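Enquirer: Please see the structure below; I have some questions.
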Amino acid sequence: MPIALTLPMPPAKTLAREAAEAAPGSRDRAAAGDAALLAWTVGGDRLAFDALAGRHLHRLHRLALRILGDAAEAEDVTQDAMLRAWEAAADYDASRGAVGTWLQRILVNRAIDRLRRRGRQPTVPMEWAEAVPDDGPGAEEELQHAQEAALLRQAMEHLPARQRAAIALAYEQGLSGAEAAAALDVSARGLEGLLHRARQALAGRLGGLLGREGG
């Protein structure tokens with residue numbers, strides 16, 4: 001889902017500092033690494049930030065959607081996280097992980113804050129299951145996969161926010177354990193604890209859901 005970013009212009013003093021540096025027009029933003037793009041963003045280069053956002057926006061939105069379970073809120077939180085990244089680009093600390101991990105940490109914190117302010121669990125509509133053809137080869141198998149995916153989403157609704165974020169980072173975002181722990185700002189042992197409790201809760205919940213489906 002494309003998301004249009006709406007960001008404020010940097011302060012005039014930032015623009016003046018950028019003008020004193022090498023001409024931004026000579027920068028190859030498409031080929032530059034994330035760290036370089038973020039460094040140029042600190043100097044007020046909005047095009048550099050747009051290039052950085054373009055690389056990570058879809059993945060961040062998917063993460064927000066998994067944590068929040070609501071498409072509109074996921075878009076709002078993704079927008080909010082990118083605004084925060086734009087404003088806090090100078091605060092990035094490379095010793096705490098890659099730029100992508102830093103962006104994910106911002107997103108996770110924003111999503112968890114939204115869940116806590118909401119004060120209730122999200123509702124993930126069953127219609128989010130993959131479209132299943134009415135007939136044709138493999139339709140029954142596809143229907144079974146869709147039902148299982150819907151059951152998993154229902155079970156995920158009942159996980160605490162940080163456990164849901166741990167599951168999303170470790171299993172859906174393709175992160176290593178160290179990267180997932182850094183995005184959640186916890187130790188490796190802390191991540192293992194979150195995942196262990198989440199897996200236990202999901203196993204218990206899915207057992208109950210599957211039992212009702214089969215009854």
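Residue numbering restarts at 1 for every chain of the structure tokens, chains are lettered A, B, ... in their displayed order, and ligands are numbered from 1 as they appear.
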Neighbours of A:Ala85 within 7 Å (only C-alpha atoms; same-chain residues fewer than 4 positions away dropped), as a PDB file with C-alpha atoms, in the first residue's frame?

Expert:
```
ATOM      1  CA  ALA A  81       7.367   7.016  12.864  1.00  0.00           C
ATOM      2  CA  ALA A  89      17.950  11.882  12.267  1.00  0.00           C
ATOM      3  CA  LEU A 103      13.707   2.878  11.991  1.00  0.00           C
TER       4      LEU A 103
END
```

Enquirer: So that I can see what lies close to A:Ala161, please list as a list in words the residues with an atom at most 10 Å from it, counting only C-alpha atoms and leaving out residues fewer than 6 positions away in the same chain.

Expert: Ile67, Leu68, Val108, Asn109, Ala111, Ile112, Asp113, Arg114, Leu115, Arg116 and Gln121 of chain A

Enquirer: Write out as a PDB file with N, CA and C atoms, in the first residue's frame which residues come within 10 Å of A:Arg84 when counting only C-alpha atoms, dropping same-chain ones fewer than 3 positions away.

Expert:
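Output file around_7.pdb is given in full below:
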```pdb
ATOM      1  N   LEU A   7       6.025  15.732   5.530  1.00  0.00           N
ATOM      2  CA  LEU A   7       7.043  16.110   6.490  1.00  0.00           C
ATOM      3  C   LEU A   7       7.256  17.612   6.470  1.00  0.00           C
ATOM      4  N   THR A  78       2.865   4.503  10.907  1.00  0.00           N
ATOM      5  CA  THR A  78       4.017   4.519  10.003  1.00  0.00           C
ATOM      6  C   THR A  78       4.387   5.950   9.635  1.00  0.00           C
ATOM      7  N   GLN A  79       3.375   6.754   9.332  1.00  0.00           N
ATOM      8  CA  GLN A  79       3.616   8.167   9.037  1.00  0.00           C
ATOM      9  C   GLN A  79       4.260   8.872  10.232  1.00  0.00           C
ATOM     10  N   ASP A  80       3.743   8.595  11.417  1.00  0.00           N
ATOM     11  CA  ASP A  80       4.260   9.207  12.638  1.00  0.00           C
ATOM     12  C   ASP A  80       5.705   8.791  12.885  1.00  0.00           C
ATOM     13  N   ALA A  81       6.006   7.510  12.654  1.00  0.00           N
ATOM     14  CA  ALA A  81       7.367   7.016  12.864  1.00  0.00           C
ATOM     15  C   ALA A  81       8.350   7.662  11.889  1.00  0.00           C
ATOM     16  N   GLU A  87      12.791  14.068  12.092  1.00  0.00           N
ATOM     17  CA  GLU A  87      13.122  15.076  13.105  1.00  0.00           C
ATOM     18  C   GLU A  87      14.322  14.660  13.961  1.00  0.00           C
ATOM     19  N   ALA A  88      14.516  13.355  14.132  1.00  0.00           N
ATOM     20  CA  ALA A  88      15.544  12.865  15.051  1.00  0.00           C
ATOM     21  C   ALA A  88      16.711  12.212  14.322  1.00  0.00           C
ATOM     22  N   ALA A  89      16.887  12.530  13.048  1.00  0.00           N
ATOM     23  CA  ALA A  89      17.950  11.882  12.267  1.00  0.00           C
ATOM     24  C   ALA A  89      19.322  12.055  12.919  1.00  0.00           C
ATOM     25  N   LEU A 103      15.053   2.531  12.469  1.00  0.00           N
ATOM     26  CA  LEU A 103      13.707   2.878  11.991  1.00  0.00           C
ATOM     27  C   LEU A 103      12.669   1.918  12.565  1.00  0.00           C
ATOM     28  N   ILE A 106      11.896   2.787  16.177  1.00  0.00           N
ATOM     29  CA  ILE A 106      10.977   3.927  16.268  1.00  0.00           C
ATOM     30  C   ILE A 106       9.549   3.470  15.991  1.00  0.00           C
ATOM     31  N   LEU A 107       9.381   2.680  14.944  1.00  0.00           N
ATOM     32  CA  LEU A 107       8.050   2.196  14.560  1.00  0.00           C
ATOM     33  C   LEU A 107       7.442   1.340  15.670  1.00  0.00           C
ATOM     34  N   ARG A 110       6.288   3.448  18.573  1.00  0.00           N
ATOM     35  CA  ARG A 110       5.069   4.192  18.245  1.00  0.00           C
ATOM     36  C   ARG A 110       3.853   3.266  18.241  1.00  0.00           C
TER      37      ARG A 110
END
```

Enquirer: Just the residues within 9 Å of stretch 94-99 of chain A, please, counting only C-alpha atoms, with nothing from its chain fewer than 5 positions along; format it as an mmCIF file with C-alpha atoms, in the first residue's frame.

Expert:
```
data_model
loop_
_atom_site.group_PDB
_atom_site.id
_atom_site.type_symbol
_atom_site.label_atom_id
_atom_site.label_comp_id
_atom_site.auth_asym_id
_atom_site.auth_seq_id
_atom_site.Cartn_x
_atom_site.Cartn_y
_atom_site.Cartn_z
ATOM 1 C CA ASP A 34 21.319 4.016 4.326
ATOM 2 C CA ALA A 35 23.902 5.631 6.604
ATOM 3 C CA LEU A 38 20.612 9.568 6.878
ATOM 4 C CA GLN A 104 12.070 -0.336 13.174
ATOM 5 C CA GLU A 179 18.500 -7.364 14.970
ATOM 6 C CA ALA A 182 17.894 -4.236 18.892
ATOM 7 C CA ALA A 183 14.629 -3.131 17.278
#
```

Enquirer: Tell me which of A:Glu75, A:Glu157, A:Asp93, A:Asp50 sits closest to A:Arg62, counting only C-alpha atoms.

Expert: A:Glu75

Enquirer: Quick one: pick out all helix (DSSP H, G or I) residues within stretch 83-112 of chain A from a backbone DSSP run and write them as a list in words.

Expert: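 These are the residues in question: Leu83, Arg84, Ala85, Trp86, Glu87, Ala89, Ala90, Asp91, Ala94, Ser95, Arg96, Val99, Gly100, Thr101, Trp102, Leu103, Gln104, Arg105, Ile106, Leu107, Val108, Asn109, Arg110, Ala111 and Ile112 of chain A.
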
Enquirer: Could you list, as a list in words, every residue within 9 Å of A:Gln173, counting only C-alpha atoms and ignoring same-chain residues fewer than 6 positions away?

Expert: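 Using only C-alpha atoms, the neighbours found are Arg59, Arg62, Leu63 and Ala180 of chain A.
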
Enquirer: What separation in Å, quoted to one decimal, exists between atom CA of A:His158 and atom CA of A:Gly174?

Expert: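 Between these atoms lies a distance of 22.7 Å.
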
Enquirer: Need to verify the contact set: A:Ile167, 10 Å, only C-alpha atoms, exclusion of same-chain residues closer than 6 positions in sequence. Can you return it as a list in words?

Expert: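 The filter keeps Arg66, Ile67, Met156, Leu159, Gln173, Ala180, Leu191, Leu194, Leu195, His196, Ala198 and Arg199 of chain A.
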
Enquirer: Check the smallest atom-to-atom distance from each of A:Leu184, A:Val42, A:Ala53, A:Ala48 to A:Arg105 using only C-alpha atoms, then report the winner.

Expert: A:Leu184
